[in-house]
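Visitor: Quick one: structure below, then a few questions.
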Amino acid sequence: MTTEATLPSTSVSPTARQLWTRSRGIALALLVLLAGAVAVATVRSDARHGELDPRSADPLGSRAVTALLADRGVTTRLVTTLAEARAATGPDTTLLVAVPDRLTEHQQKLLHSATSGSGGRTVLVAAGGWSVGTLAPGVTADPATSRDSTLDPGCDLPAARRAGPADTGGIRYTSTRPDADECYPSSRLPTLLRLPDAAGQGDTVLLGGPDILLNERLDEQGNASLALQLLGSRPHLVWYLPSLSDTTATGPEDEKSFLDLVPSGWLWGTLQLFVAAALAALWRARRLGPLVPERLPVAIRASETVEGRARLYRKANARDRAAAALRSTTRTRLAPLVGIPVAQAHTPEALVPALSAHLHGDGRPLHSLLFGPPPSDDAALVSLADRLDALEREVRRP
C-alpha cells in the first residue's frame with residue numbers, strides 16, 4: 001500500500017487573514033470618519049435646515065424671529081404638507097407660506113380656498129408671477145425686482161409706520177383693489193401689500209423679499225419690528241415650507257403622459273434623427289447599376305453541390321423538401337418529352353394525361369408518383385428517387 005505525499009500549496013493568492021491584516025487600518029480610519037460625520041450631523045441637525053427654516057440658526061435661517069415671537073407668547077409650528085397647512089387655518093392663526101412659487105397650480109387653488117374667509121392672516125413671502133395670481137387674486141407681480149433693499153414705509157399701515165425703514169426690497173406688486181395697503185414702494189410700486197378680506201376679519205400680506213425674516217438681517221433697520229408685527233398679530237403662527245414630496249403636488253389637471261414631460265426640442269431632434277436614419281438606409285440600400293456576375297476562383301463540381309445540399313436536407317430531416325425538389329426537376333424534364341410546355345409541367349391536369357398517353361397506361365400511379373405526398377422515412381425517399389429515374393428512362397426509351 002502506497003501513500004502519496006501531500007505537496008505544499010504553491011498558490012500566491014492572499015488568505016482572508018492576510019487581507020484583513022493589510023486593510024484593517026484603512027477600514028478603521030473609514031469607520032472613525034463615518035462615526036465623526038454622523039456625530040457632527042446629529043449635533044448640528046437642529047441648527048442647519050435651510051433658508052427661511054424656523055429651526056435653522058444659519059444666517060439664512062429664521063430661528064431668531066420665532067424665538068422673539070415665543071417671548072411674546074406666539075407659538076410657531078412648522079408644516080411641510082398642504083394638508084397640514086389647510087387644517088391649521090383659522091381666525092387665531094397666521095399662515096406664512098415661505099416659498100409660494102414652489103406650489104403647483106393645483107396646490108395654489110386648494111390653499112386659496114382654505115385661507116379665503118378663514119378670518120386669519122396669510123403671509124406670502126416673495127410670491128412671483130407663478131403663484132400670486134391664484135393666491136392673491138387681483139394682484140400681479142412686476143417682472144423687474146427692486147434694486148433697493150432698505151425702503152421707507154410710504155403708507156399709513158400702523159405696522160409699517162411703527163417699524164420705519166425696513167429691508168423689504170424684492171418683488172414689486174400691482175393691485176387693482178382700492179382697499180389695499182401699499183407700503184415700502186420702490187419706483188412707485190409697493191414691495192409690501194396688504195389685502196383685507198371681504199368680511200374684514202382676515203387679510204393677506206404679500207412680502208416682496210424674505211430679508212426681514214432672516215437671522216443675519218433681523219437686527220438691521222426696522223426688520224425685527226416689522227416681522228414681529230406681521231407674524232405676531234395672532235397667537236398661533238403656522239410656518240409652511242412647501243415640500244416637493246407632497247402627495248398633493250399633482251392634481252387631475254397636472255397628470256401628464258411621458259411625451260408631455262419630454263421637451264419639445266427633444267421630440268424635434270428625435271424626428272430629425274429618424275429622417276436622417278431613413279435617408280442613410282435608402283442611400284446604403286440603393287443599387288449602383290445591375291448585378292455583375294463574377295467568376296468563382298475555384299470550379300466546383302455539380303455533384304459536390306448536390307451532395308452538400310443532400311446532407312443539409314438529411315441533417316434537418318427535410319424529406320418533404322427533398323422529395324419536392326426531385327419531383328419538380330423530373331416534371332420539368334419530362335414535360336418537353338411528351339409535348340407539354342414547361343410552364344404547364346407542374347399542372348397535374350396537363351402533364352399526367354400526356355404521360356399516360358405516351359406510356360399507354362393508367363394515370364393514377366403517375367399522379368401519385370409525380371404529385372403525391374412526401375415520403376415518411378428515408379427508405380421511402382430513396383424508393384421515390386429510384387421510381388422517378390425509372391419513369392424518366394421509360395419515357396426517353398424509343
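Residue numbering restarts at 1 for every chain of the C-alpha cells, chains are lettered A, B, ... in their displayed order, and ligands are numbered from 1 as they appear.
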Can you list, as an MDAnalysis selection string, every protein, DNA or RNA residue that comes within 7 Å of range 372-380 of chain A when you count only C-alpha atoms, leaving out same-chain residues fewer than 4 positions away?
Guide: chainID A and resid 319:320 323 367:368 384
Visitor: Please dump the current selection as a PDB file, in the first residue's frame; keep C-alpha atoms.
Guide:
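Listing of out_23.pdb after writing:
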ATOM      1  CA  ARG A 319     -37.626  14.742 -46.610  1.00  0.00           C
ATOM      2  CA  ASP A 320     -40.555  16.794 -47.838  1.00  0.00           C
ATOM      3  CA  ALA A 323     -38.975  14.919 -52.411  1.00  0.00           C
ATOM      4  CA  HIS A 367     -50.181  11.159 -60.395  1.00  0.00           C
ATOM      5  CA  SER A 368     -49.170   9.583 -57.092  1.00  0.00           C
ATOM      6  CA  LEU A 384     -39.157   7.602 -54.725  1.00  0.00           C
TER       7      LEU A 384
END
Visitor: Using only C-alpha atoms, find each residue in range 181-220 of chain A having at least one atom no more than 8 Å away from range 54-68 of chain A; report its shortest atom-to-atom pair and that distance in Å (one decimal), rows by chain then rising number, as JSON lines.
Guide:
{"residue": "A:Leu213", "atom": "CA", "partner": "A:Ser62", "partner_atom": "CA", "distance": 5.8}
{"residue": "A:Leu214", "atom": "CA", "partner": "A:Ser62", "partner_atom": "CA", "distance": 5.1}
{"residue": "A:Asn215", "atom": "CA", "partner": "A:Pro59", "partner_atom": "CA", "distance": 5.1}
{"residue": "A:Glu216", "atom": "CA", "partner": "A:Pro59", "partner_atom": "CA", "distance": 4.8}
{"residue": "A:Leu218", "atom": "CA", "partner": "A:Val65", "partner_atom": "CA", "distance": 7.4}
Visitor: Okay, now the selection with C-alpha atoms, as an mmCIF file, in the first residue's frame?
Guide:
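This went into part_1.cif:
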data_model
loop_
_atom_site.group_PDB
_atom_site.id
_atom_site.type_symbol
_atom_site.label_atom_id
_atom_site.label_comp_id
_atom_site.auth_asym_id
_atom_site.auth_seq_id
_atom_site.Cartn_x
_atom_site.Cartn_y
_atom_site.Cartn_z
ATOM 1 C CA LEU A 213 -37.169 87.202 8.419
ATOM 2 C CA LEU A 214 -33.526 86.104 8.097
ATOM 3 C CA ASN A 215 -31.262 85.737 11.126
ATOM 4 C CA GLU A 216 -28.485 87.862 9.601
ATOM 5 C CA LEU A 218 -33.225 90.743 11.689
#
Visitor: So the first atom is CA of Asp179 in chain A and the second is CA of Ser118 in chain A; what is the distance between them in Å, to one decimal place?
Guide: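 Interatomic distance here is 18.8 Å.
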Visitor: Skipping near chain neighbours, those fewer than 4 positions away, what residues fall within 8 Å of Thr80 in chain A using only C-alpha atoms, listed as a ChimeraX atom specification?
Guide: /A:84-85,240-243,246
Visitor: The selected residues should be written to file as a PDB file, in the first residue's frame (atoms: N, CA and C atoms).
Guide:
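To be explicit, this is the file written out as out-v9.pdb:
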ATOM      1  N   GLU A  84     -51.620  69.765   6.113  1.00  0.00           N
ATOM      2  CA  GLU A  84     -51.404  70.360   7.430  1.00  0.00           C
ATOM      3  C   GLU A  84     -51.637  71.863   7.402  1.00  0.00           C
ATOM      4  N   ALA A  85     -51.201  72.523   6.342  1.00  0.00           N
ATOM      5  CA  ALA A  85     -51.383  73.967   6.246  1.00  0.00           C
ATOM      6  C   ALA A  85     -52.859  74.333   6.159  1.00  0.00           C
ATOM      7  N   TYR A 240     -45.270  77.400   6.873  1.00  0.00           N
ATOM      8  CA  TYR A 240     -45.445  76.381   5.819  1.00  0.00           C
ATOM      9  C   TYR A 240     -44.258  76.428   4.864  1.00  0.00           C
ATOM     10  N   LEU A 241     -43.457  75.365   4.890  1.00  0.00           N
ATOM     11  CA  LEU A 241     -42.357  75.172   3.944  1.00  0.00           C
ATOM     12  C   LEU A 241     -42.797  74.120   2.926  1.00  0.00           C
ATOM     13  N   PRO A 242     -43.232  74.510   1.742  1.00  0.00           N
ATOM     14  CA  PRO A 242     -43.699  73.508   0.774  1.00  0.00           C
ATOM     15  C   PRO A 242     -42.608  72.492   0.454  1.00  0.00           C
ATOM     16  N   SER A 243     -43.021  71.247   0.364  1.00  0.00           N
ATOM     17  CA  SER A 243     -42.098  70.147   0.065  1.00  0.00           C
ATOM     18  C   SER A 243     -42.407  69.579  -1.312  1.00  0.00           C
ATOM     19  N   ASP A 246     -44.619  66.351  -1.455  1.00  0.00           N
ATOM     20  CA  ASP A 246     -46.013  66.390  -1.021  1.00  0.00           C
ATOM     21  C   ASP A 246     -46.893  65.661  -2.039  1.00  0.00           C
TER      22      ASP A 246
END
Visitor: With only C-alpha atoms as the counted atoms, please give the residues lying no more than 12 Å from Ser225 in chain A, apart from itself and same-chain residues fewer than 5 positions off, as a count of residues only.
Guide: 22
